[in-house]
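Comments concern the structure below.
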Amino acid sequence: MTTTTPHAATATIEAIGLTRAYGGKTVVTDMSFGVLPGRVTGFLGPNGAGKSTTLRLLLGLERPDAGHALINGRPYPELTDPMSQVGAMLDARSFHQGRSARNHLRALALAQGLSADRVEAVLDLVGLREVSRQRAGGFSLGMAQRLGIAAALLGDPAIVILDEPVNGLDPEGILWIRTLMKRLAAEGRTVLVSSHLMNEMAVTADHLLVIGRGRLLADCPTAEFIRRYTDPALYLATPEVARPALLEEAFMRLTAGSVEYAAR
Ligand SMILES: Nc1ncnc2c1ncn2[C@@H]1O[C@H](COP(=O)(O)OP(=O)(O)OP(=O)(O)O)[C@@H](O)[C@H]1O
């Protein structure tokens with residue numbers, strides 16, 4: 001494994017030896033990393049690599065078999081005002097299908113002691129005001145993603161965790177989420193986003209955590225990852241401005257032995 005960034009004291013998300021097994025199969029193994037504020041960190045891995053499981057462990061939705069995870073220095077269940085510290089979207093469609101978008105957000109705000117003003121603020125932020133009285137169950141995937149992000153941002157958290165936020169979106173939706181993630185990072189927030197879309201991560205993520213078969217394979221800036229894992233001849237032959245496009249090649253080379261469902 002390559003670690004070029006030491007676990008700085010300012011990491012707001014920390015995984016320390018996280019390990020999780022299902023039915024005797026270990027899917028996350030001794031995973032340790034720190035995520036820093038002020039940049040977008042991409043969490044990359046092939047299908048089944050353990051990305052979602054790791055995110056659930058960070059958020060206290062599952063208990064690790066070994067190791068632990070810290071959010072702002074504390075395990076998630078010990079956070080006093082969790083939605084104000086960390087906002088997450090793990091599954092865009094996890095809302096009550098019959099409720100309007102506004103009522104869904106109001107219920108979340110009420111449960112967390114957040115003001116109703118925050119509901120209006122996030123509706124504006126994600127561009128759902130016009131449709132906020134419509135039944136969320138009838139939303140398109142793009143609208144559902146926006147609602148999920150609105151819920152994640154309800155508490156104005158300094159840490160934002162998004163699991164595959166651009167999956168299935170049209171170019172306009174992808175551009176919107178990309179711009180939002182960069183803006184949140186520029187505001188000094190910690191942004192951790194999982195994806196298996198290389199082109200997207202190449203232009204969005206400043207830093208990468210790459211995993212394969214439940215193990216951390218790389219933890220370094222995106223540009224360094226590309227330089228390190230691309231075929232050297234190809235890297236040198238590629239103009240600097242085009243190098244983000246090499247992320248896929250670098251990723252494939254690094255994770256070649258870690259693909260769970262490869263065609264043989
Ligand atoms: N609740 C569960 N019970 C049993 N096995 C599980 C459970 N959740 C995940 N797994 C298994 O753990 C492994 C890692 O799954 P996980 O969803 O974390 O990977 P992922 O990297 O997010 O994959 P994808 O990109 O396909 O969503 C997979 O083999 C998956 O089948």
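Going by the structure tokens order, chains are called A, B, ..., each with residues numbered from 1, while ligands are numbered from 1 in the order shown.
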Within 12 Å of ligand 1, which residues of chain A show up? Give each one with its shortest atom-to-atom distance in Å (one decimal) and the two atoms involved, counting only C-alpha atoms and all ligand atoms, rows by chain then rising residue number, as a Markdown table.
```
| residue | atom | partner | partner_atom_place_in_ligand_line | distance |
| --- | --- | --- | --- | --- |
| A:Thr19 | CA | ligand 1 | 12 (O) | 11.6 |
| A:Arg20 | CA | ligand 1 | 12 (O) | 8.8 |
| A:Ala21 | CA | ligand 1 | 12 (O) | 7.8 |
| A:Tyr22 | CA | ligand 1 | 4 (C) | 4.9 |
| A:Gly23 | CA | ligand 1 | 4 (C) | 6.8 |
| A:Gly24 | CA | ligand 1 | 4 (C) | 9.6 |
| A:Lys25 | CA | ligand 1 | 5 (N) | 8.1 |
| A:Thr26 | CA | ligand 1 | 12 (O) | 7.9 |
| A:Val27 | CA | ligand 1 | 12 (O) | 5.0 |
| A:Val28 | CA | ligand 1 | 14 (C) | 7.5 |
| A:Thr29 | CA | ligand 1 | 14 (C) | 10.9 |
| A:Phe43 | CA | ligand 1 | 21 (O) | 9.2 |
| A:Leu44 | CA | ligand 1 | 21 (O) | 7.9 |
| A:Gly45 | CA | ligand 1 | 21 (O) | 5.8 |
| A:Pro46 | CA | ligand 1 | 25 (O) | 6.0 |
| A:Asn47 | CA | ligand 1 | 26 (O) | 3.5 |
| A:Gly48 | CA | ligand 1 | 23 (O) | 3.4 |
| A:Ala49 | CA | ligand 1 | 21 (O) | 3.7 |
| A:Gly50 | CA | ligand 1 | 18 (O) | 3.2 |
| A:Lys51 | CA | ligand 1 | 21 (O) | 3.7 |
| A:Ser52 | CA | ligand 1 | 22 (O) | 3.7 |
| A:Thr53 | CA | ligand 1 | 18 (O) | 3.7 |
| A:Thr54 | CA | ligand 1 | 18 (O) | 6.4 |
| A:Leu55 | CA | ligand 1 | 18 (O) | 8.0 |
| A:Arg56 | CA | ligand 1 | 18 (O) | 8.4 |
| A:Leu57 | CA | ligand 1 | 18 (O) | 9.9 |
| A:Leu61 | CA | ligand 1 | 1 (N) | 11.1 |
| A:Glu62 | CA | ligand 1 | 1 (N) | 9.4 |
| A:Arg63 | CA | ligand 1 | 1 (N) | 11.7 |
| A:Leu90 | CA | ligand 1 | 22 (O) | 10.0 |
| A:Asp91 | CA | ligand 1 | 27 (O) | 10.7 |
| A:Leu162 | CA | ligand 1 | 22 (O) | 11.7 |
| A:Asp163 | CA | ligand 1 | 22 (O) | 8.2 |
| A:Glu164 | CA | ligand 1 | 25 (O) | 8.1 |
| A:Pro165 | CA | ligand 1 | 27 (O) | 11.7 |
| A:Asn167 | CA | ligand 1 | 25 (O) | 10.4 |
| A:Val193 | CA | ligand 1 | 22 (O) | 11.5 |
| A:Ser194 | CA | ligand 1 | 22 (O) | 8.1 |
| A:Ser195 | CA | ligand 1 | 25 (O) | 7.3 |
| A:His196 | CA | ligand 1 | 25 (O) | 6.6 |
| A:Leu197 | CA | ligand 1 | 25 (O) | 10.0 |
| A:Val210 | CA | ligand 1 | 21 (O) | 10.3 |
| A:Ile211 | CA | ligand 1 | 21 (O) | 8.1 |
| A:Gly212 | CA | ligand 1 | 21 (O) | 8.1 |
| A:Arg213 | CA | ligand 1 | 14 (C) | 7.8 |
| A:Gly214 | CA | ligand 1 | 14 (C) | 7.2 |
| A:Arg215 | CA | ligand 1 | 21 (O) | 10.7 |
| A:Leu216 | CA | ligand 1 | 21 (O) | 11.7 |
| A:Ser258 | CA | ligand 1 | 21 (O) | 11.1 |
| A:Val259 | CA | ligand 1 | 21 (O) | 10.2 |
| A:Glu260 | CA | ligand 1 | 29 (O) | 7.7 |
| A:Tyr261 | CA | ligand 1 | 29 (O) | 9.4 |
```
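Running DSSP on the backbone and keeping only strand (DSSP E), the residues of stretch 21-65 of chain A that qualify are Ala21, Tyr22, Lys25, Thr26, Val27, Val28, Thr29, Asp30, Met31, Ser32, Phe33, Gly34, Val35, Arg39, Val40, Thr41, Gly42, Phe43 and Leu44 of chain A.
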Export of the given selection (C-alpha atoms) as a PDB file, in the first residue's frame:
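again-v1.pdb, freshly written:
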```pdb
ATOM      1  CA  ALA A  21     -16.864  -9.830   7.940  1.00  0.00           C
ATOM      2  CA  TYR A  22     -20.207 -11.202   6.742  1.00  0.00           C
ATOM      3  CA  LYS A  25     -16.056 -13.636   4.629  1.00  0.00           C
ATOM      4  CA  THR A  26     -13.978 -10.592   5.497  1.00  0.00           C
ATOM      5  CA  VAL A  27     -15.050  -7.730   3.213  1.00  0.00           C
ATOM      6  CA  VAL A  28     -13.169  -4.892   4.949  1.00  0.00           C
ATOM      7  CA  THR A  29      -9.702  -5.726   6.245  1.00  0.00           C
ATOM      8  CA  ASP A  30      -7.610  -3.622   8.607  1.00  0.00           C
ATOM      9  CA  MET A  31      -8.574  -0.384   6.851  1.00  0.00           C
ATOM     10  CA  SER A  32      -6.803   2.738   8.156  1.00  0.00           C
ATOM     11  CA  PHE A  33      -6.943   6.218   6.687  1.00  0.00           C
ATOM     12  CA  GLY A  34      -7.630   9.847   7.547  1.00  0.00           C
ATOM     13  CA  VAL A  35      -9.705  12.289   5.502  1.00  0.00           C
ATOM     14  CA  ARG A  39     -10.670  19.003  -0.450  1.00  0.00           C
ATOM     15  CA  VAL A  40     -12.717  16.366  -2.219  1.00  0.00           C
ATOM     16  CA  THR A  41     -11.510  12.876  -1.388  1.00  0.00           C
ATOM     17  CA  GLY A  42     -12.588  10.159  -3.807  1.00  0.00           C
ATOM     18  CA  PHE A  43     -13.178   6.678  -2.445  1.00  0.00           C
ATOM     19  CA  LEU A  44     -12.590   4.342  -5.369  1.00  0.00           C
TER      20      LEU A  44
END
```
Excluding same-chain residues fewer than 5 positions from stretch 113-118 of chain A, what lies within 7 Å of it counting only C-alpha atoms, as a list in words?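 So, after excluding close chain neighbours, the residues are Arg106, Leu154 and Gly155 of chain A.
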Would you mind telling me which residue in A:Ala218, A:Ala11, A:Ala223, A:Met89 lies nearest to A:Val160 when using only C-alpha atoms?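 Using only C-alpha atoms, A:Val160 sits closest to A:Met89.
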How many Å separate atom CA of A:Met143 from atom CA of A:Met198?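 Between atom CA of A:Met143 and atom CA of A:Met198 the gap works out to 23.1 Å.
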A:Ala250: which residues within 8 Å, counting only C-alpha atoms, same-chain residues fewer than 2 positions away excluded, as a list in words?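 After dropping sequence-adjacent residues, the list is Phe225, Ile226, Arg228, Tyr229, Thr230, Asp231, Leu246, Leu247, Glu248, Met252, Arg253 and Leu254 of chain A.
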Hey, what does DSSP flag as helix (DSSP H, G or I) within stretch 24-256 of chain A? Can you give it to me as a ChimeraX atom specification? /A:51-58,76-78,82-85,101-111,116-126,129-131,136-138,141-153,171-186,198-204,222-229,232-237,240-256
Residue selection dump (C-alpha atoms) as a compact mmCIF listing (two decimals), in the first residue's frame:
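Listing of result_17.txt after writing:
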```txt
# COMPACT_ATOMS: atom_id res chain seq x y z
CA LYS A 51 -16.76 0.98 -0.27
CA SER A 52 -20.34 1.08 1.01
CA THR A 53 -19.52 -1.20 3.94
CA THR A 54 -16.66 1.10 4.96
CA LEU A 55 -18.92 4.17 4.74
CA ARG A 56 -21.54 2.43 6.92
CA LEU A 57 -18.82 1.60 9.46
CA LEU A 58 -17.67 5.25 9.51
CA TYR A 76 -20.40 8.43 15.44
CA PRO A 77 -22.81 7.16 18.14
CA GLU A 78 -21.17 9.50 20.65
CA PRO A 82 -24.63 14.25 14.51
CA MET A 83 -26.42 15.98 11.62
CA SER A 84 -24.57 19.20 12.35
CA GLN A 85 -21.23 17.44 12.26
CA ALA A 101 -39.83 16.63 -0.38
CA ARG A 102 -40.46 19.51 2.00
CA ASN A 103 -42.26 17.33 4.55
CA HIS A 104 -39.51 14.72 4.36
CA LEU A 105 -36.91 17.40 5.17
CA ARG A 106 -39.14 18.94 7.85
CA ALA A 107 -39.48 15.59 9.60
CA LEU A 108 -35.71 15.14 9.58
CA ALA A 109 -35.17 18.68 10.86
CA LEU A 110 -37.70 18.20 13.64
CA ALA A 111 -36.14 14.91 14.74
CA ALA A 116 -37.36 24.99 9.70
CA ASP A 117 -35.27 27.72 8.05
CA ARG A 118 -32.69 25.07 7.23
CA VAL A 119 -35.31 23.18 5.21
CA GLU A 120 -35.92 26.23 3.03
CA ALA A 121 -32.17 26.87 2.72
CA VAL A 122 -31.37 23.37 1.48
CA LEU A 123 -34.37 23.31 -0.88
CA ASP A 124 -32.89 26.41 -2.52
CA LEU A 125 -29.38 24.99 -2.46
CA VAL A 126 -30.36 21.84 -4.38
CA ARG A 129 -38.11 24.55 -4.27
CA GLU A 130 -40.46 24.43 -7.25
CA VAL A 131 -41.26 20.75 -6.70
CA ALA A 136 -40.98 12.46 -3.41
CA GLY A 137 -41.86 8.91 -4.46
CA GLY A 138 -42.59 10.25 -7.95
CA LEU A 141 -33.39 9.68 -10.00
CA GLY A 142 -31.79 13.10 -10.45
CA MET A 143 -34.39 14.75 -8.22
CA ALA A 144 -34.07 11.96 -5.64
CA GLN A 145 -30.29 12.49 -5.58
CA ARG A 146 -30.86 16.20 -4.98
CA LEU A 147 -33.27 15.42 -2.15
CA GLY A 148 -30.75 13.01 -0.61
CA ILE A 149 -28.09 15.70 -0.77
CA ALA A 150 -30.49 18.24 0.72
CA ALA A 151 -31.04 15.87 3.66
CA ALA A 152 -27.28 15.41 4.06
CA LEU A 153 -26.74 19.19 4.17
CA PRO A 171 -24.68 15.33 -17.72
CA GLU A 172 -26.46 18.31 -16.20
CA GLY A 173 -26.97 16.47 -12.91
CA ILE A 174 -23.37 15.25 -12.89
CA LEU A 175 -22.07 18.77 -13.46
CA TRP A 176 -24.28 20.09 -10.69
CA ILE A 177 -23.02 17.55 -8.13
CA ARG A 178 -19.40 18.05 -9.23
CA THR A 179 -19.69 21.81 -8.77
CA LEU A 180 -21.41 21.39 -5.42
CA MET A 181 -18.74 19.02 -4.07
CA LYS A 182 -15.96 21.39 -5.10
CA ARG A 183 -17.78 24.30 -3.53
CA LEU A 184 -18.32 22.45 -0.24
CA ALA A 185 -14.60 21.60 -0.13
CA ALA A 186 -13.65 25.19 -0.97
CA MET A 198 -13.11 7.30 -13.24
CA ASN A 199 -13.72 10.25 -15.54
CA GLU A 200 -15.79 11.88 -12.86
CA MET A 201 -13.27 11.32 -10.09
CA ALA A 202 -10.41 12.49 -12.31
CA VAL A 203 -11.97 15.95 -12.55
CA THR A 204 -13.53 16.14 -9.09
CA THR A 222 -5.10 12.24 -7.64
CA ALA A 223 -2.30 13.61 -9.83
CA GLU A 224 0.28 11.56 -7.95
CA PHE A 225 -1.84 8.45 -8.21
CA ILE A 226 -2.00 8.84 -11.99
CA ARG A 227 1.74 9.45 -12.27
CA ARG A 228 2.59 6.52 -10.08
CA TYR A 229 0.33 3.85 -11.54
CA PRO A 232 5.49 5.30 -17.64
CA ALA A 233 5.73 5.42 -21.43
CA LEU A 234 2.03 6.28 -21.75
CA TYR A 235 2.31 8.88 -18.99
CA LEU A 236 5.23 10.65 -20.64
CA ALA A 237 3.56 10.54 -24.05
CA GLU A 240 -0.13 17.24 -18.98
CA VAL A 241 -3.57 18.69 -19.65
CA ALA A 242 -4.85 15.27 -20.79
CA ARG A 243 -3.43 13.28 -17.89
CA PRO A 244 -6.63 13.18 -15.81
CA ALA A 245 -7.95 10.86 -18.54
CA LEU A 246 -5.27 8.36 -17.48
CA LEU A 247 -6.92 7.76 -14.12
CA GLU A 248 -8.82 4.76 -15.45
CA GLU A 249 -5.62 3.18 -16.76
CA ALA A 250 -3.86 3.77 -13.42
CA PHE A 251 -6.83 2.39 -11.49
CA MET A 252 -7.05 -0.73 -13.65
CA ARG A 253 -3.35 -1.44 -13.25
CA LEU A 254 -3.49 -1.06 -9.49
CA THR A 255 -6.70 -3.03 -8.92
CA ALA A 256 -6.20 -5.72 -11.57
```
